[in-house]
Every structure is written in C-alpha cells, then in structure tokens.
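Engineer: The structure is given below, and queries will be raised subsequently.
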Amino acid sequence: MRGLLSFCRGLLTLRKRQAKATGTVGSLCGLCGTNNKPQPRFGLLFDIDGVLVRGKMPIPAAKKAFEKLVDSQGQFVVPVVFVTNAGNCLRQTKADQLSHILGVSITQEQVIMSHSPLRMLRKFHDKCVLVSGQGPVLEIAKNVGFKNVVSIDMLRESFPLLDMVDHNRRPKLPSSPVVSVPKIEAVVLFGEPIRWETNLQLITDVLLTNGNLSSIYQTQYTPHLPLLACNMDLMWMAEAQCPRFGHGTFLVCLENIYKKITGKDLKYEALMGKPSELTYHFAEYLIRSQAIQRQWKLPITSLYAIGDNLMTDIYGANLYNRYLEERVARTNPKAVAKMAASTGTTAAVPREEEIDSLWESELALPLATSCKSVLVCTGVYNPNAEVPCDASRCIKETVFHGHRDFRFDPALVEPGHIVRDVSEAIDLIFEQEKFVPK
C-alpha cells in the first residue's frame with residue numbers, strides 16, 4: 001500500500017516539477033491543464049468488457065462515446081479511469097490495447113486491473129506465494145510487488161505425480177527426481193486459468209498441506225494459508241451471444257471442493273476487483289490525481305460508473321455510493337439528525353473510528369460525495385430479466401451472481417440509470433451535469 005502511494009505521490013511531484021521548470025502543466029493520464037475550458041465536477045469510471053469491447057471486437061458505440069470525451073488536441077475534457085476485473089496482463093498492456101481500440105491516448109495511470117490493489121498488501125510481498133491464472137502471471141506478480149513467486153506450472157514440474165486428471169499428461173513411472181521448491185506461504189488467484197482441473201487440484205493440495213506438498217493432507221489446519229483472490233465475476237461477455245464463465249465460477253468450484261473435503265468454508269484474506277469498495281476508492285484517487293494535474297480548482301464530487309453487469313459494476317458502484325453517503329452523514333449534523341429520526345437512534349451512523357482502514361489512510365479520504373451507476377445493454381445485462389425485490393425469497397445460486405461473501409441486497413443491484421450503450425451513457429451524464437465541453 002505505502003509502496004503504491006509513494007509511487008503515485010512521486011509521479012505527481014515529478015510532473016509538478018517539470019511543469020514549474022517549463023512554465024507549462026505536465027500531462028498525466030492524457031490530461032493537460034487549461035483555464036479557458038469548462039472544469040467538470042465529475043469523473044467517469046468505465047468497465048471494459050461488455051461496455052467498450054466484446055472479446056477483441058470493439059462495440060461500435062465506444063468510439064462515438066470517446067469522440068465526445070476528448071478535445072481537438074486529443075486531451076480528455078473530463079477525468080477518466082478504466083476499471084476492469086480482467087487480470088491476465090499488465091496495466092500498460094491494457095492501456096495500449098485501449099488506445100488502439102478507442103483511438104485515443106490512454107496511459108497505465110488510467111487503468112485499474114483487478115490485481116492492482118495487491119500493491120497495497122505489502123505484508124505478503126516477501127512471502128513465497130503460489131500464483132494462479134493465465135498470461136504472464138510471474139511478471140504480473142513481480143510488477144505488483146511480490147518477490148518470491150511460484151507458478152502452477154513450476155509446482156507441477158516439481159511434483160509431477162500430483163496432476164493426474166488428464167491421462168495424456170500423467171508422467172511415465174518411475175518419475176524423475178522431484179525438484180525442490182520453497183514452502184508455499186500464501187496463494188494468489190489472478191484470474192481463471194486454462195487447465196481448471198490442474199489448478200483446482202494443486203491449489204487444494206497446497207491449502208490442505210499447509211504449503212508443504214511433500215506431506216499428507218492436514219485438514220485440521222485452521223485457518224489455512226492466506227488466500228488472495230482477484231476478479232469475482234461469475235460470467236463475462238465476449239463475442240458469443242451468451243455470457244462466458246469468469247474467475248468467479250472458478251472460485252465457486254474451489255470453494256465447494258474445499259468445503260466438501262474439509263467440511264469448512266474456504267476463507268479469503270482479501271477479495272479484490274469489482275464490487276470491492278477498495279477498487280472504487282483507488283479509482284476515485286486516480287480521478288482526483290487527474291484533477292490535481294489539470295489544476296482544476298473545483299473538487300470532483302461526483303463519480304459515474306458505467307458497466308454492463310448488475311452483480312459487479314452496479315453492485316460495486318452502489319456499495320461505494322453507500323459508503324460515501326455514510327461519510328457525509330458522519331460530518332453533516334443535519335444528515336445525522338435525519339437518520340436518527342428515521343431509525344430512532346444514531347447507532348445507524350457509523351463512527352469515524354469504525355471505518356478507519358489502511359486504504360483510507362494510504363490514499364487519503366475521498367473528496368467525492370456520490371458514485372452513480374449507469375447500466376448499458378451491450379454486455380451481460382439482459383433487459384428482459386428481472387431482479388426480485390424480496391431478498392429472502394430469492395435463490396442465490398440462480399439469481400444472485402455475486403460472490404459468496406457479498407450479501408444480496410436488491411438496492412445494490414438497482415442501477416441509477418439504464419441506457420442502450422456507452423455513447424448514450426455519456427449523453428446522459430453530460431445532461432445530468434449540464435456539462436458542455438468547448
């Protein structure tokens with residue numbers, strides 16, 4: 001966390017020094033300072049899959065939307081951050097992909113991957129961690145701060161007798177000598193792997209042997225090794241007509257296998273990516289940094305989160321909005337009195353000490369007071385489906401597609417606005433904010 005904060009502060013300090021030396025304002029996240037253009041009071045948080053692209057194919061409305069967001073010099077007229085639950089590449093790689101697709105310049109400081117908050121969990125950076133996912137997982141792990149990393153493939157090579165589902169991949173007996181690997185101290189799940197059976201088997205082995213694969217299962221270990229998971233999306237939208245399995249589906253498999261074997265629930269040290277409030281708070285920090293770099297005098301008080309998934313994008317935006325409203329209530333006597341009148345007690349208003357957390361102290365308290373959700377119909381969301389208003393009567397397995405550790409709340413999956421596509425979303429937001437870029 002402190003490493004990430006130091007990096008961001010250092011970047012801003014460097015840009016300010018450069019601006020002072022040249023008499024101009026340096027550009028951060030595709031923005032440069034001007035005083036003769038309208039200054040927005042809002043920032044935009046974009047989901048990617050199902051909003052801007054489907055698989056590798058851009059959604060037609062995406063380019064049209066971004067034509068409205070940049071001026072004649074290609075500079076953004078409002079602060080923009082891309083918040084994706086994807087975790088199979090580096091931030092710079094995703095920024096390059098977006099630049100190519102949208103035809104505008106995007107930097108990595110505008111991109112939040114599901115694994116980006118791992119930079120903040122410094123207490124794990126020196127531990128030997130097993131990483132699961134696909135793409136350059138070792139490079140990603142080292143990029144976010146981990147120093148001693150073991151991949152599933154490395155583990156399989158060291159213990160060839162453990163991966164037995166695929167008969168064609170079983171080793172020829174007698175097996176070659178086992179290559180020594182360090183004792184695993186934590187497990188990090190970046191995203192859905194390619195060979196689910198291999199990853200499910202070896203991750204379960206690591207958890208049940210307390211990181212020592214040379215030993216037998218020790219189901220009495222409680223708690224098990226720390227488990228960090230990124231991206232809770234049950235499904236996501238690619239080129240196919242129907243949603244595809246996401247990392248959330250893989251987590252469902254792992255959780256049920258672990259419970260079936262041990263009779264106990266799998267516990268997570270941290271869950272990252274949408275709908276986690278941590279992800280949105282980091283996004284607000286990046287929005288705020290862009291406004292500072294532009295030397296806008298007015299604070300960014302409103303965020304608009306545009307997404308296609310009720311259970312991640314809309315749930316997460318509404319959850320963060322609830323947090324922001326509670327912050328306002330704690331500092332506004334009228335709001336406290338109103339809540340007390342409606343509930344009969346002030347206990348419903350969280351005290352400051354109750355919400356103090358590491359991420360708040362590291363990234364500073366947010367300036368935004370609201371986070372509004374906007375749902376588009378170009379991805380996972382099916383406008384013909386209905387969400388039940390009675391949470392007690394819903395069947396979680398078939399209706400609530402959120403993660404096991406997030407409770408179903410009908411209010412949190414109710415979007416502030418529903419529009420056809422991202423271009424209409426921009427028109428709506430500009431109208432709501434009475435914003436007319438010059």
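Note on naming: chains are A, B, ... as they come in the structure tokens, residues start from 1 per chain, ligands start from 1 in the order shown.
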Write out as JSON lines the residues of stretch 75-167 of chain A that have any atom within 10 Å of an atom of stretch 50-53 of chain A, one row each with the nearest atom pair and its distance in Å to one decimal, counting only C-alpha atoms, sorted by chain and then rising number.

Structural biologist:
{"residue": "A:Leu98", "atom": "CA", "partner": "A:Leu52", "partner_atom": "CA", "distance": 9.0}
{"residue": "A:Ile101", "atom": "CA", "partner": "A:Val53", "partner_atom": "CA", "distance": 8.4}
{"residue": "A:Leu102", "atom": "CA", "partner": "A:Leu52", "partner_atom": "CA", "distance": 8.4}

Engineer: Per DSSP on the backbone, filter stretch 123-160 of chain A down to the residues in helix (DSSP H, G or I) and report them as JSON, numbers by chain.

Structural biologist: {"A": [123, 124, 137, 138, 139, 140, 141, 142, 143, 152, 153, 154, 155, 156, 157, 158]}

Engineer: Rank nothing, just name the residue among A:Pro226, A:Pro136, A:Pro40, A:Pro171 nearest to A:Val188, using only C-alpha atoms.

Structural biologist: A:Pro226

Engineer: Show which residues sit within 12 Å of A:Lys264, as a count of residues only. Count only C-alpha atoms, and ignore same-chain residues fewer than 4 positions away.

Structural biologist: 13

Engineer: Name the closest residue to A:Phe82 among the candidates A:Tyr280, A:Phe406, A:Phe46, A:Trp296; distances are taken between atoms, counting only C-alpha atoms.

Structural biologist: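 Smallest distance to A:Phe82 is found for A:Phe46.
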
Engineer: Name the closest residue to A:Asp47 among the candidates A:Glu139, A:Asp126, A:Asp313, A:Glu284; distances are taken between atoms, counting only C-alpha atoms.

Structural biologist: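 Of the candidates, the smallest distance to A:Asp47 is held by A:Asp313.
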
Engineer: Please report the interatomic distance between atom CA of A:Cys230 and atom CA of A:Ala270 in Å with one decimal.

Structural biologist: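 Separating atom CA of A:Cys230 from atom CA of A:Ala270 is a distance of 8.4 Å.
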